[in-house]
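Working notes, beginning with the structure itself.
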Amino acid sequence: MTPENVTTNEEPKRVSDKIADALVGQIKSGALSAGDAMPTERELCEQFSTSRPTVREALSQLQLRGYVATGGGKRPRVTAPSIENVLLSAADHIREILGNAESAAHLEQMRQFIEAGAVRVAAEHSSNIQVAKMQTALEANLAAIGTEDFPATDIAFHRSIVAVVGNPIILKLHDMFVSTMLAQRPDVSNRKPHDELVYEEHRAIYEAVLGGDVVAATNLIDGHLERSYRSRLAAPKSLNASSIPVGET
């Protein structure tokens, strides 16, 4: 134990942290079981002698930690923590910052890191079945050129590469974040040339994987993702020369 006259660098826990820990204890002890509705905010305020904002913060912590599920306008319910629940909860918060250019760039970097690693594994170790799934996804991508179905086939092709790794956490991250980013991209003005370019880049990546060329596959997917991201960046605003006062540069 730390003597009373000795100080530590540990910050004292906030009230919301203590409430969250107490509720986790109730869930682990069985006092609250998976599927049960959580007590109302009013009941929790009375139980812990605190305010609604503090209770709401504690419930948000429980959701992030995978112990509570919300949605549908219903009361939060107790859930058994799982990797999927935690990632789904985190995804909701991350989606809220996608409008921020720097945050979106970080997510794109995460995508590039995941897919560059996945394509290396695919080029080195993919089975015949996995290669066949990539080919099927690529053929669907070709058939969808110039149609509104192309973005979905784009996602499916990239997912077929990530799936080769066989890691459910990585695949879940890809499904939640990458698919969301792709789905939120604005429509291109001239779809067919755009789709044809994307397909040709996909085809080159597939052929490098099929040939077991790790270096080429990695370089191709890096170039593909970087070009795709930069092509969507908004052009910087230009100053109208006529609006600049005479004598100023």
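Every chain in the structure tokens has a letter given in the order shown (A, B, ...), and although residue numbers restart at 1 in each chain, ligands are simply numbered from 1 in the order shown.
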Shell of 12 Å around range 34-43 of chain A, only C-alpha atoms, local chain residues under 3 positions omitted, as a PyMOL selection string = chain A and resi 23-24+26-31+46-59+62-63+66-70+74-81
Practice problem: as a PyMOL selection string, please: all residues of range 19-197 of chain A that backbone DSSP puts in helix (DSSP H, G or I). | Solution: chain A and resi 19-29+41-48+52-64+83-95+101-125+128-143+150-165+168-183+191-197
Once you have the residues from the selection above, write them out as a tab-separated table (two decimals), in the first residue's frame, restricted to C-alpha atoms.
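Done, and the output landed in out.tsv:
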chain	number	residue	atom	x	y	z
A	19	ILE	CA	-19.50	4.41	-12.16
A	20	ALA	CA	-18.44	2.56	-15.32
A	21	ASP	CA	-16.19	0.27	-13.27
A	22	ALA	CA	-18.98	-0.39	-10.79
A	23	LEU	CA	-21.41	-1.31	-13.56
A	24	VAL	CA	-18.83	-3.60	-15.17
A	25	GLY	CA	-18.53	-5.27	-11.76
A	26	GLN	CA	-22.30	-5.78	-11.68
A	27	ILE	CA	-22.21	-7.31	-15.17
A	28	LYS	CA	-19.32	-9.64	-14.31
A	29	SER	CA	-21.00	-10.73	-11.07
A	41	GLU	CA	-30.56	7.23	-16.34
A	42	ARG	CA	-32.75	8.37	-13.45
A	43	GLU	CA	-32.22	5.09	-11.60
A	44	LEU	CA	-28.48	5.28	-12.15
A	45	CYS	CA	-28.41	8.89	-10.96
A	46	GLU	CA	-30.14	7.82	-7.74
A	47	GLN	CA	-27.96	4.71	-7.35
A	48	PHE	CA	-24.70	6.65	-7.65
A	52	ARG	CA	-27.34	12.69	-15.83
A	53	PRO	CA	-24.30	13.98	-17.82
A	54	THR	CA	-22.01	11.90	-15.60
A	55	VAL	CA	-24.20	8.82	-16.03
A	56	ARG	CA	-24.28	9.31	-19.81
A	57	GLU	CA	-20.49	9.55	-19.88
A	58	ALA	CA	-20.24	6.31	-17.89
A	59	LEU	CA	-22.63	4.58	-20.31
A	60	SER	CA	-20.55	5.81	-23.26
A	61	GLN	CA	-17.51	4.21	-21.64
A	62	LEU	CA	-19.39	0.95	-21.22
A	63	GLN	CA	-20.36	1.03	-24.88
A	64	LEU	CA	-16.75	1.59	-25.96
A	83	ILE	CA	-13.80	-7.85	-30.41
A	84	GLU	CA	-16.61	-7.22	-32.89
A	85	ASN	CA	-18.68	-5.20	-30.40
A	86	VAL	CA	-15.72	-3.04	-29.39
A	87	LEU	CA	-14.76	-2.37	-33.01
A	88	LEU	CA	-18.34	-1.58	-34.00
A	89	SER	CA	-18.59	0.90	-31.15
A	90	ALA	CA	-15.29	2.52	-32.05
A	91	ALA	CA	-16.39	2.72	-35.69
A	92	ASP	CA	-19.39	4.85	-34.75
A	93	HIS	CA	-17.10	7.40	-33.14
A	94	ILE	CA	-14.54	7.33	-35.95
A	95	ARG	CA	-17.22	7.88	-38.59
A	101	ALA	CA	-9.49	16.10	-43.87
A	102	GLU	CA	-6.56	15.17	-41.62
A	103	SER	CA	-8.55	12.44	-39.84
A	104	ALA	CA	-9.68	11.03	-43.18
A	105	ALA	CA	-6.04	10.98	-44.31
A	106	HIS	CA	-5.11	8.96	-41.21
A	107	LEU	CA	-7.83	6.45	-42.02
A	108	GLU	CA	-6.61	6.21	-45.61
A	109	GLN	CA	-3.11	5.58	-44.26
A	110	MET	CA	-4.49	2.79	-42.08
A	111	ARG	CA	-6.17	1.29	-45.14
A	112	GLN	CA	-2.95	1.44	-47.13
A	113	PHE	CA	-1.02	-0.21	-44.30
A	114	ILE	CA	-3.57	-3.04	-44.05
A	115	GLU	CA	-3.82	-3.68	-47.78
A	116	ALA	CA	-0.09	-3.42	-48.49
A	117	GLY	CA	0.52	-6.07	-45.84
A	118	ALA	CA	-2.34	-8.19	-47.11
A	119	VAL	CA	-1.19	-8.13	-50.73
A	120	ARG	CA	2.28	-9.28	-49.65
A	121	VAL	CA	0.72	-12.25	-47.90
A	122	ALA	CA	-1.48	-12.90	-50.93
A	123	ALA	CA	1.46	-12.87	-53.33
A	124	GLU	CA	3.46	-15.23	-51.12
A	125	HIS	CA	0.90	-17.61	-49.66
A	128	ASN	CA	-5.83	-21.63	-55.33
A	129	ILE	CA	-9.25	-21.05	-53.75
A	130	GLN	CA	-8.23	-17.58	-52.52
A	131	VAL	CA	-6.84	-16.66	-55.94
A	132	ALA	CA	-10.07	-17.89	-57.54
A	133	LYS	CA	-12.08	-15.61	-55.23
A	134	MET	CA	-9.91	-12.67	-56.25
A	135	GLN	CA	-10.46	-13.52	-59.90
A	136	THR	CA	-14.23	-13.71	-59.38
A	137	ALA	CA	-14.19	-10.31	-57.67
A	138	LEU	CA	-12.10	-8.88	-60.52
A	139	GLU	CA	-14.50	-10.22	-63.16
A	140	ALA	CA	-17.43	-8.64	-61.32
A	141	ASN	CA	-15.47	-5.39	-61.23
A	142	LEU	CA	-15.01	-5.55	-65.02
A	143	ALA	CA	-18.68	-6.27	-65.64
A	150	PHE	CA	-18.90	-0.43	-59.68
A	151	PRO	CA	-18.09	0.97	-56.17
A	152	ALA	CA	-19.44	-2.19	-54.52
A	153	THR	CA	-17.31	-4.41	-56.77
A	154	ASP	CA	-14.34	-2.16	-55.99
A	155	ILE	CA	-14.83	-2.85	-52.29
A	156	ALA	CA	-15.28	-6.58	-52.94
A	157	PHE	CA	-12.01	-6.84	-54.87
A	158	HIS	CA	-9.99	-5.18	-52.12
A	159	ARG	CA	-11.76	-7.29	-49.50
A	160	SER	CA	-10.82	-10.48	-51.38
A	161	ILE	CA	-7.17	-9.52	-50.92
A	162	VAL	CA	-7.49	-8.68	-47.22
A	163	ALA	CA	-9.40	-11.94	-46.60
A	164	VAL	CA	-6.29	-13.93	-47.59
A	165	VAL	CA	-4.63	-12.93	-44.30
A	168	PRO	CA	-10.94	-11.66	-38.48
A	169	ILE	CA	-9.90	-8.47	-36.67
A	170	ILE	CA	-8.12	-7.04	-39.72
A	171	LEU	CA	-11.03	-8.01	-41.96
A	172	LYS	CA	-13.53	-6.43	-39.58
A	173	LEU	CA	-11.52	-3.19	-39.54
A	174	HIS	CA	-11.49	-3.25	-43.33
A	175	ASP	CA	-15.21	-3.90	-43.56
A	176	MET	CA	-16.14	-1.15	-41.12
A	177	PHE	CA	-13.77	1.64	-42.02
A	178	VAL	CA	-12.69	1.07	-45.61
A	179	SER	CA	-16.15	0.17	-46.84
A	180	THR	CA	-17.56	3.24	-45.11
A	181	MET	CA	-14.92	5.49	-46.67
A	182	LEU	CA	-15.56	4.10	-50.14
A	183	ALA	CA	-19.31	4.36	-49.76
A	191	ARG	CA	-17.68	7.38	-64.59
A	192	LYS	CA	-16.58	5.06	-67.40
A	193	PRO	CA	-13.00	6.37	-67.88
A	194	HIS	CA	-12.60	6.45	-64.10
A	195	ASP	CA	-13.86	2.88	-63.70
A	196	GLU	CA	-11.68	1.63	-66.54
A	197	LEU	CA	-8.58	3.12	-64.89
Using Å and a single decimal, report how far CA of Asp149 in chain A sits from CA of Gly223 in chain A.
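Separation of CA of Gly223 in chain A and CA of Asp149 in chain A: 23.6 Å.
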Self-check item: Which of A:Val15, A:Ile145, A:Ala216, A:Leu32 sits closest to Glu200 in chain A [using only C-alpha atoms]
Solution: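 Once distances to Glu200 in chain A are computed over only C-alpha atoms, the minimum belongs to A:Ile145.
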